[in-house]
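See below for the structure under consideration.
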Amino acid sequence: MSASVIPARTARAIGSFPGGIHPAENKTQSLTRPIQSAPLPETLIIPLTQPGYQQAELLVKVGDHVLKGQPLARGRHGIGVVTHASSSGVVSAISEQAVPNASGLPELAVVISTDGRDQWLPHTGISDFQSVDRDVLLSRITEAGISGLGGAGFPTHIKLRNQHSLIKTLVINACECEPFITADDILMQERAPDIIQGIKILLYLLQPQQCLIGIEDNKPLARAALEKAIDDERIQVVSVPTKYPSGAEKQLIQLLTGLEIPSGTLPAKSGVLCQNVGTAYAIARAIDHGEALISRITTFTGAALNRPGNLEVLIGTPMEALLDACDLDRSQLSRLIMGGSLMGISMTALNLPLLKISNCVIATTAQEIPLPQAALACIRCGMCAEACPVSLLPQQLYWFARSKEHEKATRHNLFDCIECGACAYVCPSHIPLVQYYRAAKAEIRDEQDKHRRGEHSQQRFEFHQQRLEREKAKEEKRRQERAELARRNREAKAAGKPTAGQPDDIQATLERVRAKKAKAKELEENS
Amino acid sequence: MDLLLQTPLLGPVLALLALAIAFGALLGYAAKVFKVEGDPIVEQINALLPQTQCGQCGHPGCRPYATAIASGEAINKCPPGGESTILELAKLLDVEPTPLDAEHGKEAARKVAYIREAECIGCTKCIQACPVDAILGAARHMHTVIVAECTGCDLCVEPCPVDCIDMIPARSPLQSWHWPLPDSMSLSQRNDLIASDRQLSGAH
């Protein structure tokens, strides 16, 4: 796309970010068909996973009949996301199921046998969102279970909470810069008015000074559709050059505003908040129609599919039926990837359920995306540093991660790495660099956690020691007092005087017990 | 003045003497004012140890082991700290890291004590054994572990007369999972990596 086709209404990006790569886009394959509706599956597997793998609070039990849009579980203590039944049916199991995740470990999920009626839980929308309180809208967004649909899946209500009047710029991420993915593109082409409605709700919630929609210049149809739908002068479309990873939050903000978000801080601290177009669409559905987030647009693509395209799928649908709907050639399939070809994860089975974050499924052949080649030694060419969009030193970080020099890695700003994979993409030695950074980050977090707990335990241990010493001192004091009393009594006895303290007490106690016994006996005899 | 002029050595000697007295006084003053209490290296070592107070190293707590390390004991006797603690200690003390001494136990995932409450007889023996006061209860009343405070030191298990204490993993497998280093991955795992993929026929 040349820059000259950009109409006057579209602003040009004012900033830029360093590095970046231009991988083959592979987006046209899945854009030949409009959004298809997916067949209703017989079973739905809906994971209850919460951020940080905290336990979810279950709202249903096995055997319950649930309706479409009925909440199944929620996060505890107001954090986390609400999960909903994507269709009506009976809860047939609540157990650990294989789901698409990096660890390959099973996660707790609700399994629903659908009844085919696809019957909604009664729900109503808010006809005029500007007439209701912001808190009402926020709680609607919470109850609708909306989390970031761009891929990271951060709970939207947490991101939006307490941000009123603090945000100057609302950034809407329409970049979709990763190869193969076209879910946002087609959503914008077909449902732009709903997206704009969602953006207007966000504008009402946050009251920013401006709203910039950042879109890569390889999506002219989507951009035209958005421009046609915009009916609010605060919203502006900004065209950014096609370069990976322009859709990364901080990079996009840098492109649109020229503002570099400081290391270790959230964009909100600099007065910028970023939301994905898919999330804006989900917000519009939740407010205008009262619909929970139970479906999304997912791109099904890859050379092993004869009919690639974008499907509107129910969350929790096992992928196999959807892949078959796109005419999967099993003999050609070498790998199944959830997400894009740079940041996605390999899936081990065909029938894993789709999640809220599943923006793309790539059924790829060995030709299209070959298996990773064996890593060779680093030749210190420095191409990774040129490709890094955060201006880090990937090569240094690689050495530090390998030799577990965590302190040095931290000081070289390892935690600013966005794991985009640009460094690994350009590496002529095929070193899986991102993998090293992910592992090192996790190890450092574990270490920090260990130190925090260590400090806490040390404090507790010292208190414990102090308490023991205090008790010992008290005991010692009492012992001395008793010894003193005994000594005085001995002396008094020797002098023939009546003794003070204990002996008299003993006598008195004995008499009291005797009297009590006599009374009890009397009572017994009387009865 | 005459004396000074006639014996040229006397001047420098007096000057040096004056300097020596001045600096001596300064040093003496500094030693009093800037005196460091305790052995700072022990503090630094202690801060790196996991503070479970479990005694697996053969010392009655983390500080005694820190003191022992400061006076030359091996740094590889702490199973709860594991490899990362050994690396940190090696760096602090500028010695070669050595693998964990198997004699003192294996590195395992963090655990917490769990009291099967139905079986607890309320003897308070575990409460007395706990080095961080993480067990709540009273005589002849059920006891329970405050999970957030438990260090997983294992010391409460042995005194329990009815064996109702289990050590269970503190985090679920999912919570404790993280990406491994590629060096430690199997071939099939490495083949699952896709972040480094490039297309054979791709244009770049």
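Letters A, B, ... go to the chains of the structure tokens in the order shown; residues in each chain start at 1; ligands are counted from 1 in the same order.
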
- [ ] Enumerate as a list in words all residues of segment 364-407 of chain A assigned to helix (DSSP H, G or I) by DSSP on the backbone, naming them with the chain letters and numbers the document uses.
- [x] Met383, Cys384, Ala385, Glu386, Ala387, Pro394, Gln395, Gln396, Leu397, Tyr398, Trp399, Phe400, Ala401, Arg402, His406 and Glu407 of chain A

- [ ] Name the residues of segment 16-118 of chain B that fall into strand (DSSP E or B) according to DSSP on the backbone, using the chain letters and numbers of this document, as a PyMOL selection string.
- [x] chain B and resi 111-115

Set the cut-off to 6 Å and count only C-alpha atoms: what are the residues of chain A that reach chain B? Output as a JSON list (two decimals) with N, CA and C atoms, in the first residue's frame.
```json
[["chain", "number", "residue", "atom", "x", "y", "z"],
["A", 23, "PRO", "N", 7.99, -9.68, 8.19],
["A", 23, "PRO", "CA", 7.78, -11.07, 7.77],
["A", 23, "PRO", "C", 6.68, -11.14, 6.71],
["A", 24, "ALA", "N", 6.66, -12.26, 5.97],
["A", 24, "ALA", "CA", 5.60, -12.45, 4.98],
["A", 24, "ALA", "C", 4.26, -12.40, 5.70],
["A", 53, "TYR", "N", -3.61, -18.32, 37.67],
["A", 53, "TYR", "CA", -4.12, -19.64, 38.01],
["A", 53, "TYR", "C", -4.69, -19.71, 39.42],
["A", 342, "LEU", "N", 4.48, -15.81, 15.08],
["A", 342, "LEU", "CA", 5.65, -15.34, 15.82],
["A", 342, "LEU", "C", 5.50, -15.48, 17.32],
["A", 343, "MET", "N", 4.30, -15.28, 17.83],
["A", 343, "MET", "CA", 4.11, -15.34, 19.27],
["A", 343, "MET", "C", 3.18, -16.46, 19.71],
["A", 346, "SER", "N", 2.36, -23.89, 20.05],
["A", 346, "SER", "CA", 1.98, -25.13, 19.39],
["A", 346, "SER", "C", 0.95, -25.86, 20.23],
["A", 368, "GLU", "N", 5.14, -24.66, 4.90],
["A", 368, "GLU", "CA", 4.75, -23.30, 5.24],
["A", 368, "GLU", "C", 5.50, -22.78, 6.46],
["A", 369, "ILE", "N", 5.42, -23.52, 7.55],
["A", 369, "ILE", "CA", 6.19, -23.15, 8.74],
["A", 369, "ILE", "C", 7.01, -24.37, 9.14],
["A", 371, "LEU", "N", 9.73, -26.93, 10.91],
["A", 371, "LEU", "CA", 10.15, -27.12, 12.30],
["A", 371, "LEU", "C", 11.39, -26.27, 12.55],
["A", 372, "PRO", "N", 11.57, -25.81, 13.77],
["A", 372, "PRO", "CA", 12.76, -24.98, 14.03],
["A", 372, "PRO", "C", 14.04, -25.77, 13.77],
["A", 421, "GLY", "N", 9.51, -11.74, 19.45],
["A", 421, "GLY", "CA", 10.13, -12.74, 18.60],
["A", 421, "GLY", "C", 10.88, -12.18, 17.41],
["A", 424, "ALA", "N", 14.54, -13.43, 17.42],
["A", 424, "ALA", "CA", 14.70, -14.83, 17.03],
["A", 424, "ALA", "C", 14.44, -15.00, 15.53],
["A", 425, "TYR", "N", 13.53, -14.17, 14.99],
["A", 425, "TYR", "CA", 13.19, -14.25, 13.57],
["A", 425, "TYR", "C", 14.39, -13.93, 12.69],
["A", 432, "PRO", "N", 16.59, -19.93, 19.64],
["A", 432, "PRO", "CA", 15.26, -19.55, 20.15],
["A", 432, "PRO", "C", 15.38, -18.52, 21.28],
["A", 436, "TYR", "N", 14.69, -18.18, 25.79],
["A", 436, "TYR", "CA", 15.65, -17.91, 26.86],
["A", 436, "TYR", "C", 15.15, -16.79, 27.76],
["A", 439, "ALA", "N", 12.27, -17.96, 30.02],
["A", 439, "ALA", "CA", 12.76, -18.79, 31.13],
["A", 439, "ALA", "C", 13.46, -17.93, 32.17],
["A", 454, "GLY", "N", 11.46, -15.04, 52.17],
["A", 454, "GLY", "CA", 12.55, -15.21, 53.12],
["A", 454, "GLY", "C", 12.60, -14.10, 54.14],
["A", 457, "SER", "N", 9.72, -14.49, 56.54],
["A", 457, "SER", "CA", 9.91, -15.59, 57.48],
["A", 457, "SER", "C", 10.95, -15.23, 58.53],
["A", 458, "GLN", "N", 11.98, -14.50, 58.09],
["A", 458, "GLN", "CA", 13.02, -14.12, 59.03],
["A", 458, "GLN", "C", 12.44, -13.25, 60.14],
["A", 460, "ARG", "N", 9.32, -13.20, 61.12],
["A", 460, "ARG", "CA", 8.48, -14.04, 61.96],
["A", 460, "ARG", "C", 9.34, -14.87, 62.92],
["A", 461, "PHE", "N", 10.46, -15.38, 62.41],
["A", 461, "PHE", "CA", 11.34, -16.21, 63.22],
["A", 461, "PHE", "C", 11.93, -15.39, 64.36]]
```

Task: Atom pair atom CA of Leu108 of chain A / atom CA of Ile94 of chain A: separation (Å) - done: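 Atom CA of Ile94 of chain A lies 7.0 Å from atom CA of Leu108 of chain A.
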
Can you tell me, as a CSV table (one decimal) with all heavy atoms, in the first residue's frame, what residues are no more than 6 Å from segment 284-300 of chain A when counting only C-alpha atoms, ignoring any on the same chain fewer than 6 positions away?
```csv
chain,number,residue,atom,x,y,z
A,69,GLY,N,-25.1,-17.7,27.9
A,69,GLY,CA,-24.8,-16.5,28.6
A,69,GLY,C,-24.9,-16.5,30.1
A,69,GLY,O,-24.8,-15.5,30.8
A,86,SER,N,-21.5,-20.8,26.8
A,86,SER,CA,-21.6,-20.3,25.4
A,86,SER,C,-22.8,-20.7,24.7
A,86,SER,O,-23.2,-20.1,23.7
A,86,SER,CB,-20.4,-20.7,24.6
A,86,SER,OG,-19.2,-20.5,25.3
A,123,HIS,N,-31.8,-11.3,28.7
A,123,HIS,CA,-30.9,-10.2,28.9
A,123,HIS,C,-31.3,-9.0,28.2
A,123,HIS,O,-32.0,-9.1,27.2
A,123,HIS,CB,-29.5,-10.6,28.4
A,123,HIS,CG,-29.5,-11.0,27.0
A,123,HIS,ND1,-29.9,-12.2,26.6
A,123,HIS,CD2,-29.1,-10.3,25.9
A,123,HIS,CE1,-29.7,-12.3,25.2
A,123,HIS,NE2,-29.3,-11.1,24.8
A,124,THR,N,-31.0,-7.8,28.8
A,124,THR,CA,-31.4,-6.6,28.1
A,124,THR,C,-30.2,-5.7,28.1
A,124,THR,O,-29.3,-5.7,28.9
A,124,THR,CB,-32.5,-5.9,28.9
A,124,THR,OG1,-32.1,-5.8,30.3
A,124,THR,CG2,-33.8,-6.6,28.8
A,125,GLY,N,-30.2,-4.9,27.0
A,125,GLY,CA,-29.2,-3.9,26.9
A,125,GLY,C,-29.6,-2.5,27.5
A,125,GLY,O,-30.7,-2.4,28.0
A,126,ILE,N,-28.6,-1.6,27.5
A,126,ILE,CA,-28.9,-0.3,27.9
A,126,ILE,C,-29.0,0.6,26.7
A,126,ILE,O,-28.1,0.7,25.9
A,126,ILE,CB,-27.7,0.3,28.8
A,126,ILE,CG1,-27.6,-0.6,30.1
A,126,ILE,CG2,-27.9,1.7,29.2
A,126,ILE,CD1,-26.4,-0.4,30.9
A,144,ALA,N,-20.0,-9.2,32.1
A,144,ALA,CA,-20.0,-9.8,30.8
A,144,ALA,C,-18.7,-10.6,30.5
A,144,ALA,O,-18.5,-11.2,29.5
A,144,ALA,CB,-20.1,-8.7,29.7
A,145,GLY,N,-17.8,-10.6,31.5
A,145,GLY,CA,-16.6,-11.4,31.4
A,145,GLY,C,-15.6,-11.0,30.3
A,145,GLY,O,-15.0,-11.8,29.7
A,146,ILE,N,-15.5,-9.7,30.1
A,146,ILE,CA,-14.7,-9.2,28.9
A,146,ILE,C,-13.2,-9.1,29.4
A,146,ILE,O,-12.9,-8.6,30.4
A,146,ILE,CB,-15.2,-7.8,28.4
A,146,ILE,CG1,-16.6,-8.0,27.9
A,146,ILE,CG2,-14.3,-7.3,27.3
A,146,ILE,CD1,-17.2,-6.7,27.5
A,183,ALA,N,-8.5,-11.7,12.0
A,183,ALA,CA,-9.8,-11.6,12.8
A,183,ALA,C,-10.3,-10.2,13.0
A,183,ALA,O,-11.4,-9.8,12.8
A,183,ALA,CB,-9.7,-12.3,14.1
A,197,GLN,N,-19.3,2.2,18.3
A,197,GLN,CA,-20.1,2.3,19.5
A,197,GLN,C,-19.4,1.9,20.8
A,197,GLN,O,-19.5,2.6,21.8
A,197,GLN,CB,-21.4,1.4,19.3
A,197,GLN,CG,-22.3,1.3,20.5
A,197,GLN,CD,-23.1,2.6,20.7
A,197,GLN,OE1,-22.9,3.5,20.0
A,197,GLN,NE2,-23.8,2.6,21.8
A,198,GLY,N,-18.6,0.8,20.7
A,198,GLY,CA,-17.8,0.4,21.8
A,198,GLY,C,-16.8,1.5,22.2
A,198,GLY,O,-16.5,1.8,23.4
A,308,PRO,N,-9.6,-21.7,4.1
A,308,PRO,CA,-9.4,-20.9,5.3
A,308,PRO,C,-10.4,-19.7,5.3
A,308,PRO,O,-11.0,-19.4,4.3
A,308,PRO,CB,-8.0,-20.4,5.0
A,308,PRO,CG,-7.8,-20.5,3.5
A,308,PRO,CD,-8.6,-21.6,3.1
A,309,GLY,N,-10.5,-19.2,6.5
A,309,GLY,CA,-11.5,-18.1,6.7
A,309,GLY,C,-11.6,-17.7,8.1
A,309,GLY,O,-10.9,-18.2,9.0
A,310,ASN,N,-12.5,-16.7,8.4
A,310,ASN,CA,-12.7,-16.2,9.7
A,310,ASN,C,-14.1,-16.8,10.2
A,310,ASN,O,-15.1,-16.6,9.5
A,310,ASN,CB,-12.7,-14.7,9.8
A,310,ASN,CG,-11.3,-14.2,9.8
A,310,ASN,OD1,-10.6,-14.3,10.8
A,310,ASN,ND2,-10.9,-13.7,8.6
A,311,LEU,N,-14.1,-17.4,11.3
A,311,LEU,CA,-15.3,-18.0,11.9
A,311,LEU,C,-15.7,-17.2,13.2
A,311,LEU,O,-14.9,-16.9,14.0
A,311,LEU,CB,-15.1,-19.5,12.2
A,311,LEU,CG,-15.4,-20.5,11.1
A,311,LEU,CD1,-14.6,-20.2,9.9
A,311,LEU,CD2,-15.1,-21.9,11.6
A,312,GLU,N,-17.0,-17.1,13.3
A,312,GLU,CA,-17.5,-16.6,14.6
A,312,GLU,C,-17.8,-17.8,15.4
A,312,GLU,O,-18.7,-18.6,15.2
A,312,GLU,CB,-18.8,-15.7,14.4
A,312,GLU,CG,-19.3,-15.2,15.8
A,312,GLU,CD,-20.1,-13.9,15.6
A,312,GLU,OE1,-20.7,-13.7,14.6
A,312,GLU,OE2,-20.1,-13.2,16.6
A,313,VAL,N,-17.0,-18.0,16.5
A,313,VAL,CA,-17.0,-19.3,17.2
A,313,VAL,C,-17.5,-19.0,18.6
A,313,VAL,O,-17.2,-17.9,19.2
A,313,VAL,CB,-15.7,-20.0,17.2
A,313,VAL,CG1,-15.3,-20.4,15.8
A,313,VAL,CG2,-14.6,-19.1,17.8
A,314,LEU,N,-18.1,-20.0,19.2
A,314,LEU,CA,-18.5,-20.0,20.6
A,314,LEU,C,-17.2,-20.3,21.4
A,314,LEU,O,-16.5,-21.2,21.1
A,314,LEU,CB,-19.6,-21.0,20.9
A,314,LEU,CG,-20.9,-20.7,20.3
A,314,LEU,CD1,-21.9,-21.9,20.5
A,314,LEU,CD2,-21.5,-19.4,20.7
A,315,ILE,N,-17.0,-19.6,22.5
A,315,ILE,CA,-15.8,-19.9,23.4
A,315,ILE,C,-16.0,-21.3,23.9
A,315,ILE,O,-17.1,-21.6,24.4
A,315,ILE,CB,-15.7,-18.9,24.6
A,315,ILE,CG1,-15.8,-17.4,24.1
A,315,ILE,CG2,-14.5,-19.1,25.4
A,315,ILE,CD1,-14.7,-17.0,23.3
A,359,ASN,N,-7.2,-15.8,18.9
A,359,ASN,CA,-7.5,-14.9,17.8
A,359,ASN,C,-7.2,-15.6,16.4
A,359,ASN,O,-7.7,-15.2,15.4
A,359,ASN,CB,-6.8,-13.6,17.8
A,359,ASN,CG,-5.3,-13.8,18.1
A,359,ASN,OD1,-4.8,-14.9,18.1
A,359,ASN,ND2,-4.6,-12.7,18.3
A,360,CYS,N,-6.4,-16.7,16.5
A,360,CYS,CA,-6.1,-17.3,15.2
A,360,CYS,C,-5.6,-18.8,15.5
A,360,CYS,O,-5.1,-19.1,16.5
A,360,CYS,CB,-4.9,-16.6,14.6
A,360,CYS,SG,-4.3,-17.2,13.1
A,361,VAL,N,-6.0,-19.6,14.6
A,361,VAL,CA,-5.5,-21.0,14.6
A,361,VAL,C,-4.9,-21.3,13.2
A,361,VAL,O,-5.5,-21.1,12.2
A,361,VAL,CB,-6.7,-22.0,14.8
A,361,VAL,CG1,-6.2,-23.4,14.7
A,361,VAL,CG2,-7.3,-21.8,16.2
```

Task: Which of B:Ile121, B:Ile86, B:Val157, B:Val42 sits closest to Arg140 of chain B [using only C-alpha atoms] - done: B:Ile121

Task: Within 12 Å of Asp135 of chain A using only C-alpha atoms, minus same-chain residues under 3 positions, as a list in words - done: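 Surrounding residues, per the criterion: Phe129, Gln130, Ser131, Val132, Leu138, Ser139, Arg140, Ile141, Thr142, His157, Leu160, Arg161, Asn162, Gln163, His164, Tyr204, Leu205 and Leu206 of chain A.
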
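Picture a line from atom CA of Ile253 of chain A to atom CA of Leu414 of chain A; it runs 20.4 Å.
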
Which residues are near segment 387-393 of chain A? Cut-off 6 Å, only C-alpha atoms, ignore same chain within fewer than 2 positions. Put them as a tab-separated table (two decimals) with N, CA, C and O atoms, in the first residue's frame.
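Output below, filename selection-v6.tsv:
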```
chain	number	residue	atom	x	y	z
A	18	PRO	N	12.11	1.88	17.09
A	18	PRO	CA	13.29	1.29	16.46
A	18	PRO	C	13.05	-0.17	16.09
A	18	PRO	O	12.12	-0.79	16.60
A	19	GLY	N	13.89	-0.68	15.22
A	19	GLY	CA	13.86	-2.11	14.91
A	19	GLY	C	12.60	-2.52	14.17
A	19	GLY	O	12.04	-1.76	13.39
A	20	GLY	N	12.15	-3.74	14.46
A	20	GLY	CA	10.99	-4.28	13.80
A	20	GLY	C	11.39	-5.13	12.60
A	20	GLY	O	12.52	-5.05	12.10
A	384	CYS	N	20.04	-9.13	15.90
A	384	CYS	CA	18.95	-9.13	16.88
A	384	CYS	C	18.78	-7.74	17.50
A	384	CYS	O	17.67	-7.29	17.72
A	385	ALA	N	19.90	-7.09	17.76
A	385	ALA	CA	19.82	-5.76	18.38
A	385	ALA	C	19.19	-4.76	17.42
A	385	ALA	O	18.48	-3.85	17.83
A	395	GLN	N	21.47	-10.05	22.37
A	395	GLN	CA	22.61	-10.96	22.46
A	395	GLN	C	23.15	-11.03	23.89
A	395	GLN	O	23.40	-12.11	24.42
A	396	GLN	N	23.29	-9.86	24.52
A	396	GLN	CA	23.74	-9.83	25.92
A	396	GLN	C	22.75	-10.58	26.81
A	396	GLN	O	23.14	-11.39	27.64
A	422	ALA	N	10.99	-10.85	17.32
A	422	ALA	CA	11.70	-10.27	16.17
A	422	ALA	C	13.17	-10.68	16.17
A	422	ALA	O	13.74	-10.98	15.12
A	423	CYS	N	13.78	-10.74	17.35
A	423	CYS	CA	15.20	-11.10	17.44
A	423	CYS	C	15.43	-12.53	16.96
A	423	CYS	O	16.37	-12.81	16.22
```
